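Note sheet for the following structure.
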Amino acid sequence: MSVAAAYDVETLVLGEPGYGTVTAELAAPMETRPGGGWLALFLVSLAALLVGVALITYTIATGIGVWGLNRTIGWGYDITNFVFWVGIGHAGTLISAILLLFRQRWRTSIARAAEGMTIFAVLCAAIFPLIHMGRPWLAFWVFPYPNTRGPISVNFRSPLLWDVFAISTYFTVSLIFWYVGMIPDFGTMRDRSKGLKQRVYGFLSFGWDGGARTWQRYEKACLLLAGLATPLVVSVHTIVSFDFATSVIPGWHTTIFPPYFVAGAVFSGFAMVITLLLITRWALHLERYITAVHLDKMAKVLLTTGMIVGFAYSTELFIAWYSDNPFERFTFLNRAFGPYAWAYWVMVFCNVVTPQIFWWKRVRHSVPILFVAAILVNVGMWFERFNIIVISLHRDYLPSSWSHYTPTLVEVGILVGSFGLFFTCFLLFVRLAPVIAFHEVKHTVAEQVEAAHAAR
Amino acid sequence: MTTTDDSPTRRGFLTLLGIGGAASLAACKRDPVRYALPYLVPPEEITPGVPVKYASTCTACPAACGLLVTVLDGRPVKLEGLPSHPLSHGGLCAIGQADIRDLYDSGRLQSPTLGGRKVSWAVLDEEVAARLAEIRTSKKTLYVLAPTLTSPTMREAVVRFLEPYGGTLVEHDAGAHRSSAALEAAELLTGRALLPALDIGKADLLLCLAADLVGTGPEPVFSMRALADRRRAAAARPFRHVQVEGSVSLTGANADERWPLRATERRELALWLLSRVAAASGSVPGAAAVNEALAASGAARTPEAQPRAEALLVELLAARGRSLVVSGANDLVEQVAVALLNSLLGNEGTTLDPAHPSLVRRGLDRNLVDFLAALSAGTVGGVVVLELDPVDQLPGGDRIADALRKLPLSIAITDRPTATAAACRVVAAAHHGLERWGDFAPRQNVVTLAQPTIRPLFETRHPGENFLHWGGAAVTEFRAHLMGAWQERTKLGLAFASFWDGAVSDGTAPELAAAFAPSPHRAGESLEAAVRVVRSAAPAAPAAPADGIEVDLIEEVALGDGRRAHIPWLRELPDPLTRTSWTPCVRVAPERARALGTADGDILRVDVAGRAIELPVRIMPGQHPGVLGLPVGYGRLDGDAGEASRNAYRLARFEGTRLLTGGLAAHAVKTGAAMSLPLMQVESTTHGRAIVHQVARPDAAIEGVEHQKAVSLWPDLPQSSPKWEMVIDLDACTGCSACVVACQAENNLPVVGADEMRRNRDMYWLRIDRYFTGDAANPDVLFEPMLCQQCENAPCETVCPVAATVHSEDGLNVQVYNRCVGTRYCANNCPYKVRRFNWFSHTVESPVERLVLNPNVVYRSRGVMEKCTFCVQRIQAARIAMRKQGHEDWRGGDVQTACQQTCPARAITFGDATDPHGEVARLKQGPRAFQVLAELGVKPSVTYLARVRNRPRAADGSGS
């Protein structure tokens, strides 16, 4: 079978660069001094991170009371942010694992960045379950380890405990996958650098020798890890959705949640990948490697998952009506027309209406529109979690307890801080590690050239 | 308390031990304990850590309910009702429950002062003696201004003190509810200015004209129990309660039917009813005279809502001798009309007991007016103000303060720094009620005793001892004086000492009541005089035009007359009707609020005859559109640091010999300012949800709860015995909130303050949900105490990652505070929203205030979830006691939760549900039983009994 028949002949790398050019261009961010654009972004991110650190310190020192929560609404920004970041952390492994298994060639330019994003997003997510605790210094109690306090066991029936396992597993596998993927490129960097830098990259390259046997084992390891990571893509957000689905609160207690959450996670994850890649592409001048084809594919994923999410919203409404359960009906009417109706309609606009513009190819290829739409989708997905958590809680069974939630500046600041952490990590990542896999792009270029020849 | 005896008594030693414990506790904060001395001879009865209970009497108001004080290691930690008390039957109200917090309040006066300087008692006594000698030589008079003195010995001491000076004791009951006209009406008809005792148990129809019997009336605990018992008996003998009032009261909220009328309309209704009853009672003596007098006066006009009034009349006539009409108006004509109504209906001797009158209200406005006149005329030489605050609790308080400052002798006997104390030269710091000996006669046939349960914390003195010292009595120690007085009265001779010990230990003894001399019986002018009053009644002119506004001063359940306005427990306690805490609000009918263009929280300026106060609006359905309800007790120096613009007492008015607190013509305008109200409950209706029920008859089944039978896919959990369950009878519950404060005291619930209440971060384990149903303008009010339902399938238990909330063998959903990491998932997943999270650290810093904490309940730290556990510490204590006796048979066991114990209406039943003969099992089978949200399948362990709202269908205007 010819290569041309096996693959689409798509131009995933522009201008057929030579291998040397690819290496030089992709290694450039790690070998040159940062430009003004990067520096500005980094300083803003760092400032946001410091705000977050200060406010988290304040919260832990004073008490959760500095947030806007109350006796009725026990979770607000904290868990909204948690689910939001876990969702963001989805796209990375999806791209690197599932798309690898499905042999989607277009993943090569974006996979590394997406994997990095996953790691940082899960880090951001992990902060929130920790700091939302009343006594975060006892957080280690959620781990089932032999102890002298009884011994007291953790409660295996609690979805929060499942979260602990799901997320730590996901984080570990994603981290290994990310690191293993980078080993050949670290080898390249070791060979290109001198002094301390060489020693560091040398350490990270794990003794990479570039031999055929090494390559073969490397490919096998990647494939195995991809197979291992694939179920995790589905499981993590399924389990996060159990936090809500297994409860008794109307608006939470819903069987549709697992697929709905996974689709939503892919949706928001891809939106974040688009946002990040558009920034990276601009800041590091990587237009040659991240092309209109990539943007087009990712926009299509947004369109598809956006429609799944929209379908889930309408299913929820239908089932609420069909259930004839007065509490359930009220909850959904309250979402759409209650005190938080604005948040619901922001969500519908961002998540259901916005992606519809991607039916048009010209829109899919327009960088500014794509950038704005991706940000809107992330805003919408943040609100989706806010709506599920806060609107369901603020008016549950007994009207005597109904209440209202307004976040305090501390909570907003911590959300800003989590973005600060995320972007600080990402910006450091693009400067310190290969943000696009050298060897994979070279492979793509080779295939592209081969395919072109075959077609001729 | 023994202070002069050489040999310390057992109790003296005990209290010394208590103060020692307190001091060492206080010292913990600053310094480690350096010396710890063990008991050389362990005191009898006392085992460290084992509570001892002492009978006593509550001094928070003149009603004098029985107390059972739990003393642990020498300090009282909890007040409970004394079950053997003949009037309170073990109940205690919210204010009574909070009295223990008052004992340890850091704002108490800690020593006597003279002109603002701390002095010793000797110096103070010397100064007072010198001034008294001056008064004796001058032509001036001496007054003692006091609340109704329910204590016979105290009263006697005051009278004896005044004798040499020809002085006068003026009793004045502070508060919005004036009993003066009712006392005068009783004086006219019976010759004694005493309120006849009400026997609600014998009544089939209770008609209250703005009398708040169960909320803030003179004897709320007694009335609540009587009303609840009567309602419980309604299955055999139907009972109806009709309330006619302008401002919604707790009693009105509990009535079968509420009829909003203004003060003048109520008076008209009373007179019209009297005329029609008189016309229908031809053969009853006096009927003809009354009829003739009313015809002559022309005051008995037909009410506007004639059909409703006619229906009421028919009911009254049908219940002759079995009805009871009570009025709360401070209007002689209305009170006489009501007294005559009761007399013509044959209620005297059945539902009214004039032979054993109530002694808890004796304040006659005419005496107060005379005193104030003398004060401003300058003929007064000295005034002793005993535990009253006329400066902050009477209109024109500034003038009273000025007059007090000019007096040669002005004495305030008080345990608090009040505005009156600030105006008086001599301030005699008083013991708290729990530090005092005392006797109380709330009825002519009921006498109880109070014993101190702690040695005085500060350099204070028993209020009565002041009069003994200043009157030159031979015995100045109050306990000795009290014993001497009763020895004389009982004439028991040598047997007295042992009798006394028994009486003190029981809190009462029948011999005391037998020996209590009834107040002198003055020949009454009787019926003729009463008829004269009716004849002279002019058709009442309404205070305000038909569309105008009049103000009713009201009392709130938590604050009462405001004497305890400084107790944080009471300040935070949400009002059962408005559900606001910390903040006084003007209660405005929805219709009137629309007309004024105001919403909840808008500041309203209410102007009565040139005096204005500014308070936020709280829209109150059921309120008469023309009546604004303004709570008194706020804005005093004590409690509010004198925010005079909130002190509604300033709006009261003297008219003739009467202090008017209701039906005051007023003008109200929106100021444009607004505040956010600290609301315990934001939503007022059930939104059509079947979460609380009322039925029309006691034996009627609740409609629409059959479908609640939840089907489970899982096998039932193995049933162990005992299994603790609770039944709450909503028909008995009045919403009085005593249980809420009892829970707070028992379980060390922190006070969070107004700002946190605004953020809906109350810490109540037990709350009383209030719902309005039916007619939006005059709805039915339903109270539903809500606490942890100890679900068998508890949603909170499955979700906790660290298993900090688990199920106990005896059916409790327990919370392990030291395991909790504070994810709040359990609270989110609780359908009843009864879990409370410690948002901040609530550590009590004051070493004195910390003494109130119950050492048997852990004080929860920041970041921990907490909730009701059916007072698990009490269950465990009972279990330990039984195991010590070698058995564990819970049947007939008397474990009582704190809320159940204090409930004046006995609305709460608690016990082992597996006992087939137990009360819980029996009540759960009743037709009115339902469980809240049973359809969720969580299997709550709390069962409610639906409210009974007995309303003839024809008269039911609201159609709920």
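The way I read the labels, and the way they are meant: chains A, B, ... in the order of the structure tokens, residue 1 as the first residue of every chain, and ligand 1 as the first ligand shown, with later ones counted on from there.
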*Which residues of chain B are close to chain A, meaning at most 7 Å apart when you count only C-alpha atoms, and how do they look as a VMD selection string?*
chain B and resid 681 to 684 686 759 to 761 769 798 to 803 821 to 824 827 to 829 831 to 833 836 to 837 839 to 840 862 to 864
Find the residues of stretch 198-274 of chain A that sit at most 12 Å from stretch 343-365 of chain A; for each, write down the nearest two atoms and how far apart they are in Å, to one decimal. Count only C-alpha atoms. Sort by chain, then by number going up, and give it as a Markdown table.
| residue | atom | partner | partner_atom | distance |
| --- | --- | --- | --- | --- |
| A:Ala263 | CA | A:Asn351 | CA | 11.6 |
| A:Gly264 | CA | A:Asn351 | CA | 9.2 |
| A:Ala265 | CA | A:Asn351 | CA | 11.9 |
| A:Phe267 | CA | A:Asn351 | CA | 8.8 |
| A:Ser268 | CA | A:Asn351 | CA | 9.2 |
| A:Phe270 | CA | A:Pro355 | CA | 12.0 |
| A:Ala271 | CA | A:Pro355 | CA | 10.2 |
| A:Ile274 | CA | A:Arg364 | CA | 11.3 |
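The shortest atom-to-atom distance to B:Arg230, with only C-alpha atoms taken into account, belongs to B:Ala732 out of B:Ser247, B:Arg646, B:Glu866, B:Ala732.
Distances to B:Trp890 were evaluated for B:Arg819, B:His177, B:Arg758, B:Lys723 using only C-alpha atoms, and the minimum falls at B:Lys723.
For the atom pair formed by atom CA of B:Gln876 and atom CA of B:Asn748, the distance is 17.4 Å, given to one decimal.
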*List every residue of stretch 707-919 of chain B that DSSP, applied to the backbone of this structure, places in alpha helix (DSSP H), and write the result as JSON, numbers by chain.*
{"B": [738, 739, 740, 741, 742, 743, 744, 745, 746, 754, 755, 756, 757, 758, 795, 796, 797, 798, 799, 825, 826, 827, 828, 872, 873, 874, 875, 876, 877, 878, 879, 880, 881, 882, 883, 884, 898, 899, 900, 901, 902, 919]}
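Within 6 Å of stretch 206-210 of chain B, once only C-alpha atoms are used and residues closer than 3 positions along the same chain are dropped, the contacting residues are His241, Val242, Gln243, Val244, Glu245, Ser323, Leu324, Val325, Val326, Ser327 and Gly328 of chain B.
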*Please provide the set of residues having any atom within 12 Å of A:Val412, restricted to only C-alpha atoms, with same-chain residues fewer than 2 positions apart removed, written as a ChimeraX atom specification.*
/A:48,51-52,55-56,66-68,76-78,80-81,406-410,414-419
Would you mind exporting C-alpha atoms of the selected residues as a compact mmCIF listing (two decimals), in the first residue's frame?
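The resulting again.txt:
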# COMPACT_ATOMS: atom_id res chain seq x y z
CA ALA A 48 -1.54 36.84 38.56
CA VAL A 51 -2.09 37.33 43.60
CA GLY A 52 -3.39 33.79 43.79
CA LEU A 55 -5.10 35.07 48.52
CA ILE A 56 -4.79 31.33 49.10
CA VAL A 66 -13.53 34.82 53.37
CA TRP A 67 -15.31 33.29 50.40
CA GLY A 68 -18.96 33.95 49.55
CA GLY A 76 -19.02 27.89 44.57
CA TYR A 77 -15.97 29.13 42.71
CA ASP A 78 -13.78 26.48 44.31
CA THR A 80 -16.43 25.29 39.64
CA ASN A 81 -12.78 26.08 39.01
CA THR A 406 -22.01 36.08 45.38
CA PRO A 407 -18.30 35.40 45.12
CA THR A 408 -15.94 37.60 47.06
CA LEU A 409 -12.90 39.28 45.56
CA VAL A 410 -10.80 36.62 47.24
CA ILE A 414 -7.83 32.84 43.36
CA LEU A 415 -9.38 32.05 39.97
CA VAL A 416 -7.12 34.69 38.43
CA GLY A 417 -4.24 33.14 40.34
CA SER A 418 -4.99 29.73 38.86
CA PHE A 419 -4.79 31.23 35.39
